[in-house]
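The structure appears right after this line, and notes come after that.
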Amino acid sequence: MKNLLCQNLGVDVSKDALEVVLSTLDMERRVKVKASRKFTNTPTGFKQLQRWLEGKRAADVELRLLMEATGVYYEQLAWFLYHEGYQVSVVLPTKAKRYLQALGNKSKNDRIDARGLAQMGLEQLLELWQPLSKNIYRLRLLTRQLEDFSNQRTVCLNQLHALHHGALVVKQVERNLQKLVGTLDKSLQELEEAIGELLYQDPLLAERVEKMRSVKGVGLKTVAVLLAETNGFATFERQGQLVSYAGYDVVEHQSGQRSGRSRISKKGNAHIRRAMHLPAFTVVRYKEPVFTALYERLVKRGKTKMQAYVAVQRKLLVLLWTLWRKNEAYDPQYGQQPAEPKNNIQIQEAGASLSGVSAADEDAITQETQPETAEKK
């Protein structure tokens with residue numbers, strides 16, 4: 001085994017089964033499949049997988065494991081392997097799909113996917129997976145259920161509105177909808193209380209939460225979603241990583257003489273983008289200097305109001321991340337000094353911001369015109 005550089009176990013995860021392939025990379029950069037097998041996606045299957053893997057692996061060669069983030073079905077296995085001391089990486093399905101397509105695979109099944117993941121883990125240096133803390137995991141479950149119930153309430157209210165404007169109102173249907181709205185209202189209140197208790201039970205966490213809420217228009221639910229979906233911003237060292245994770249990164253379409261329209265990717269965490277939707281409106285309505293300056297400048301340049309609000313969302317997200325990292329409250333006057341009127345906007349932008357967005361990037365960001373809430377329709 002001295003000629004081996006590394007070994008990787010690719011795991012294709014489904015609701016009921018785990019298809020695994022163990023591959024190796026030798027000194028000549030050749031990838032070879034060493035073994036493969038199928039296990040159940042249960043705690044018993046995890047232990048069987050571990051025993052099988054220990055019997056097949058080369059003991060003195062680095063071993064990593066790679067799987068896709070397939071819904072929630074990968075989480076129990078990832079937790080098990082992490083606590084057993086294995087080096088685990090988890091990639092988004094879109095990233096794995098593009099890699100498998102690059103290999104030229106025309107067919108698709110669980111065994112092919114597992115083999116492709118094993119090769120991907122050998123050829124790429126991927127970040128190691130870190131589990132959410134239990135409190136962050138609880139917070140994510142609470143905030144996502146809050147979002148789901150809010151969406152269901154909106155659907156019921158829309159149905160009631162349509163019913164009242166229809167040719168015939170059926171009282172039984174109306175009572176059922178009103179009863180459901182009342183139940184959802186009670187559940188939403190209970191969820192908001194549970195989120196507040198979870199965030200404020202730790203004095204140090206509560207202090208940081210309050211500093212993020214010092215921005216007018218940013219409420220507890222927005223902060224809770226950001227913390228839940230980013231693991232408390234634990235894995236983001238640069239603002240670009242956060243921007244990309246949330247789907248606000250700019251995607252260009254240019255080749256040779258052709259220059260297509262650039263826009264935000266939306267290939268990221270949709271929960272974050274939905275959470276930033278209403279606060280972006282609110283900070284402009286409350287006339288927070290930094291965001292108002294950005295919004296007005298983009299509108300004057302011919303952008304629609306919704307395009308300008310998308311740019312505000314991105315800027316607000318980066319600001320909140322910065323307040324969390326620095327453990328500072330928001331100062332709307334930070335960096336502002338008396339200056340000539342023509343420079344006022346530039347000074348406000350420099351003082352806020354923390355976003356580092358160029359004019360060209362602003363144009364690309366503002367190509368997104370639809371509110372994020374429309375994404376679920």
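We name chains A, B, ... following the order of the structure tokens; residues begin at 1 in each chain, and ligands are numbered from 1 as shown.
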Strand (DSSP E or B) call set, DSSP backbone run, region 51-155 of chain A, as an MDAnalysis selection string: chainID A and resid 63:68 87:91
What residues in region 35-269 of chain A get the DSSP label helix (DSSP H, G or I)? Please answer as a PyMOL selection string. chain A and resi 43-56+75-83+93-102+110-123+134-164+171-200+203-212+220-230+239-246
Nearest-residue call for Asn231 (chain A), choices A:Tyr86, A:Phe80, A:Trp52, A:Trp129, using only C-alpha atoms: A:Trp129
Could you name the residues that touch Glu288 (chain A) at 12 Å or less, counting only C-alpha atoms, but leaving out those on the same chain fewer than 2 positions away, as a PDB file with C-alpha atoms, in the first residue's frame?
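Result went into part.pdb, see below:
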ATOM      1  CA  SER A 214     -29.856  47.475  16.296  1.00  0.00           C
ATOM      2  CA  VAL A 215     -30.424  47.958  12.553  1.00  0.00           C
ATOM      3  CA  LYS A 216     -33.923  49.404  12.194  1.00  0.00           C
ATOM      4  CA  GLY A 217     -36.092  46.947  10.323  1.00  0.00           C
ATOM      5  CA  VAL A 218     -34.189  43.813  11.325  1.00  0.00           C
ATOM      6  CA  PRO A 279     -36.035  43.777   6.010  1.00  0.00           C
ATOM      7  CA  ALA A 280     -34.716  45.282   2.767  1.00  0.00           C
ATOM      8  CA  PHE A 281     -37.998  47.164   2.313  1.00  0.00           C
ATOM      9  CA  THR A 282     -38.033  48.206   5.953  1.00  0.00           C
ATOM     10  CA  VAL A 283     -34.518  49.676   6.184  1.00  0.00           C
ATOM     11  CA  VAL A 284     -35.289  51.845   3.168  1.00  0.00           C
ATOM     12  CA  ARG A 285     -38.650  52.899   4.599  1.00  0.00           C
ATOM     13  CA  TYR A 286     -36.967  53.798   7.895  1.00  0.00           C
ATOM     14  CA  VAL A 290     -26.516  53.570   3.906  1.00  0.00           C
ATOM     15  CA  PHE A 291     -29.345  51.589   2.382  1.00  0.00           C
ATOM     16  CA  THR A 292     -31.360  54.617   1.337  1.00  0.00           C
ATOM     17  CA  ALA A 293     -28.318  55.978  -0.504  1.00  0.00           C
ATOM     18  CA  LEU A 294     -27.819  52.694  -2.345  1.00  0.00           C
ATOM     19  CA  TYR A 295     -31.509  52.368  -3.192  1.00  0.00           C
ATOM     20  CA  GLU A 296     -31.881  55.948  -4.474  1.00  0.00           C
ATOM     21  CA  VAL A 312     -30.147  46.288  -0.529  1.00  0.00           C
ATOM     22  CA  LEU A 316     -27.845  44.218   4.550  1.00  0.00           C
ATOM     23  CA  TYR A 330     -24.886  49.226  14.175  1.00  0.00           C
ATOM     24  CA  ASP A 331     -23.871  52.878  13.978  1.00  0.00           C
ATOM     25  CA  PRO A 332     -25.673  54.583  11.067  1.00  0.00           C
ATOM     26  CA  GLN A 333     -23.214  57.482  11.281  1.00  0.00           C
ATOM     27  CA  TYR A 334     -20.096  55.312  11.182  1.00  0.00           C
ATOM     28  CA  GLN A 348     -22.264  56.942   3.505  1.00  0.00           C
ATOM     29  CA  GLU A 349     -21.507  53.956   1.326  1.00  0.00           C
ATOM     30  CA  ALA A 352     -21.619  51.239   5.936  1.00  0.00           C
TER      31      ALA A 352
END
Polymer residues at most 10 Å from Arg111 (chain A), only C-alpha atoms, same-chain spacing of 6 or more positions, as a list in words: Gly10, Val11, Asp12, Leu18, Glu19, Val20, Val21, Ser36, Arg37, Lys38 and Leu117 of chain A
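If you count only C-alpha atoms and ignore residues fewer than 6 places along the chain from Val90 (chain A), what sits within 9 Å of it is Leu65, Leu66, Met67, Glu68, Ala69, Tyr74, Ala78, Leu126, Glu127, Leu128 and Trp129 of chain A.
Shell of Asn109 (chain A) at 12 Å, with only C-alpha atoms counted and residues fewer than 4 places along the chain excluded, is Asp12, Val13, Ser14, Glu19, Leu100, Asn105, Asp113, Ala114, Arg115 and Gly116 of chain A.
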Convert the current residue selection to file output with N, CA and C atoms, as a compact mmCIF listing (two decimals), in the first residue's frame.
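As written to disk, out-v8.txt reads:
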# COMPACT_ATOMS: atom_id res chain seq x y z
N ASP A 12 -23.58 7.30 -1.89
CA ASP A 12 -24.82 7.81 -2.48
C ASP A 12 -25.96 7.50 -1.51
N VAL A 13 -26.58 8.57 -0.99
CA VAL A 13 -27.57 8.43 0.08
C VAL A 13 -28.98 8.55 -0.47
N SER A 14 -29.83 7.62 -0.11
CA SER A 14 -31.26 7.72 -0.38
C SER A 14 -32.01 7.52 0.93
N GLU A 19 -25.48 3.43 -0.95
CA GLU A 19 -24.63 2.76 -1.94
C GLU A 19 -23.23 3.34 -1.79
N LEU A 100 -19.98 14.85 -12.15
CA LEU A 100 -20.28 13.58 -12.82
C LEU A 100 -20.51 13.80 -14.31
N ASN A 105 -20.26 10.70 -17.86
CA ASN A 105 -21.23 9.65 -17.56
C ASN A 105 -22.58 9.95 -18.23
N ASP A 113 -23.25 6.97 -9.23
CA ASP A 113 -23.13 8.19 -8.43
C ASP A 113 -22.12 8.00 -7.29
N ALA A 114 -22.17 6.85 -6.62
CA ALA A 114 -21.23 6.59 -5.52
C ALA A 114 -19.80 6.53 -6.04
N ARG A 115 -19.62 5.89 -7.19
CA ARG A 115 -18.28 5.81 -7.77
C ARG A 115 -17.77 7.19 -8.16
N GLY A 116 -18.65 8.02 -8.72
CA GLY A 116 -18.25 9.39 -9.07
C GLY A 116 -17.89 10.21 -7.85
Find the spatial neighbours of Leu141 (chain A), counting only C-alpha atoms, within a cut-off of 12 Å - ignore same-chain residues fewer than 5 positions away - and output them as a PDB file with C-alpha atoms, in the first residue's frame.
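Listing of result17.pdb after writing:
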ATOM      1  CA  VAL A  72     -32.113  15.389   5.504  1.00  0.00           C
ATOM      2  CA  LEU A 132     -24.526  21.959  13.654  1.00  0.00           C
ATOM      3  CA  LYS A 134     -27.771  21.091  18.966  1.00  0.00           C
ATOM      4  CA  ASN A 135     -29.123  24.573  19.672  1.00  0.00           C
ATOM      5  CA  ILE A 136     -28.485  25.714  16.102  1.00  0.00           C
ATOM      6  CA  LEU A 146     -42.234  29.059  11.122  1.00  0.00           C
ATOM      7  CA  GLU A 147     -41.642  29.739   7.417  1.00  0.00           C
ATOM      8  CA  ASP A 148     -43.808  26.785   6.360  1.00  0.00           C
ATOM      9  CA  LEU A 191     -42.930  29.146  17.462  1.00  0.00           C
ATOM     10  CA  ALA A 194     -39.749  29.265  21.357  1.00  0.00           C
ATOM     11  CA  ILE A 195     -37.274  30.972  19.016  1.00  0.00           C
ATOM     12  CA  LEU A 198     -33.690  29.711  22.488  1.00  0.00           C
ATOM     13  CA  ALA A 224     -32.871  33.664  13.845  1.00  0.00           C
ATOM     14  CA  VAL A 225     -33.034  32.497  10.229  1.00  0.00           C
ATOM     15  CA  LEU A 227     -28.028  32.111  12.499  1.00  0.00           C
ATOM     16  CA  ALA A 228     -29.901  28.866  11.857  1.00  0.00           C
ATOM     17  CA  GLU A 229     -29.036  28.633   8.162  1.00  0.00           C
TER      18      GLU A 229
END
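Between CA of His164 (chain A) and CA of Asp185 (chain A) the interatomic distance comes to 20.6 Å.
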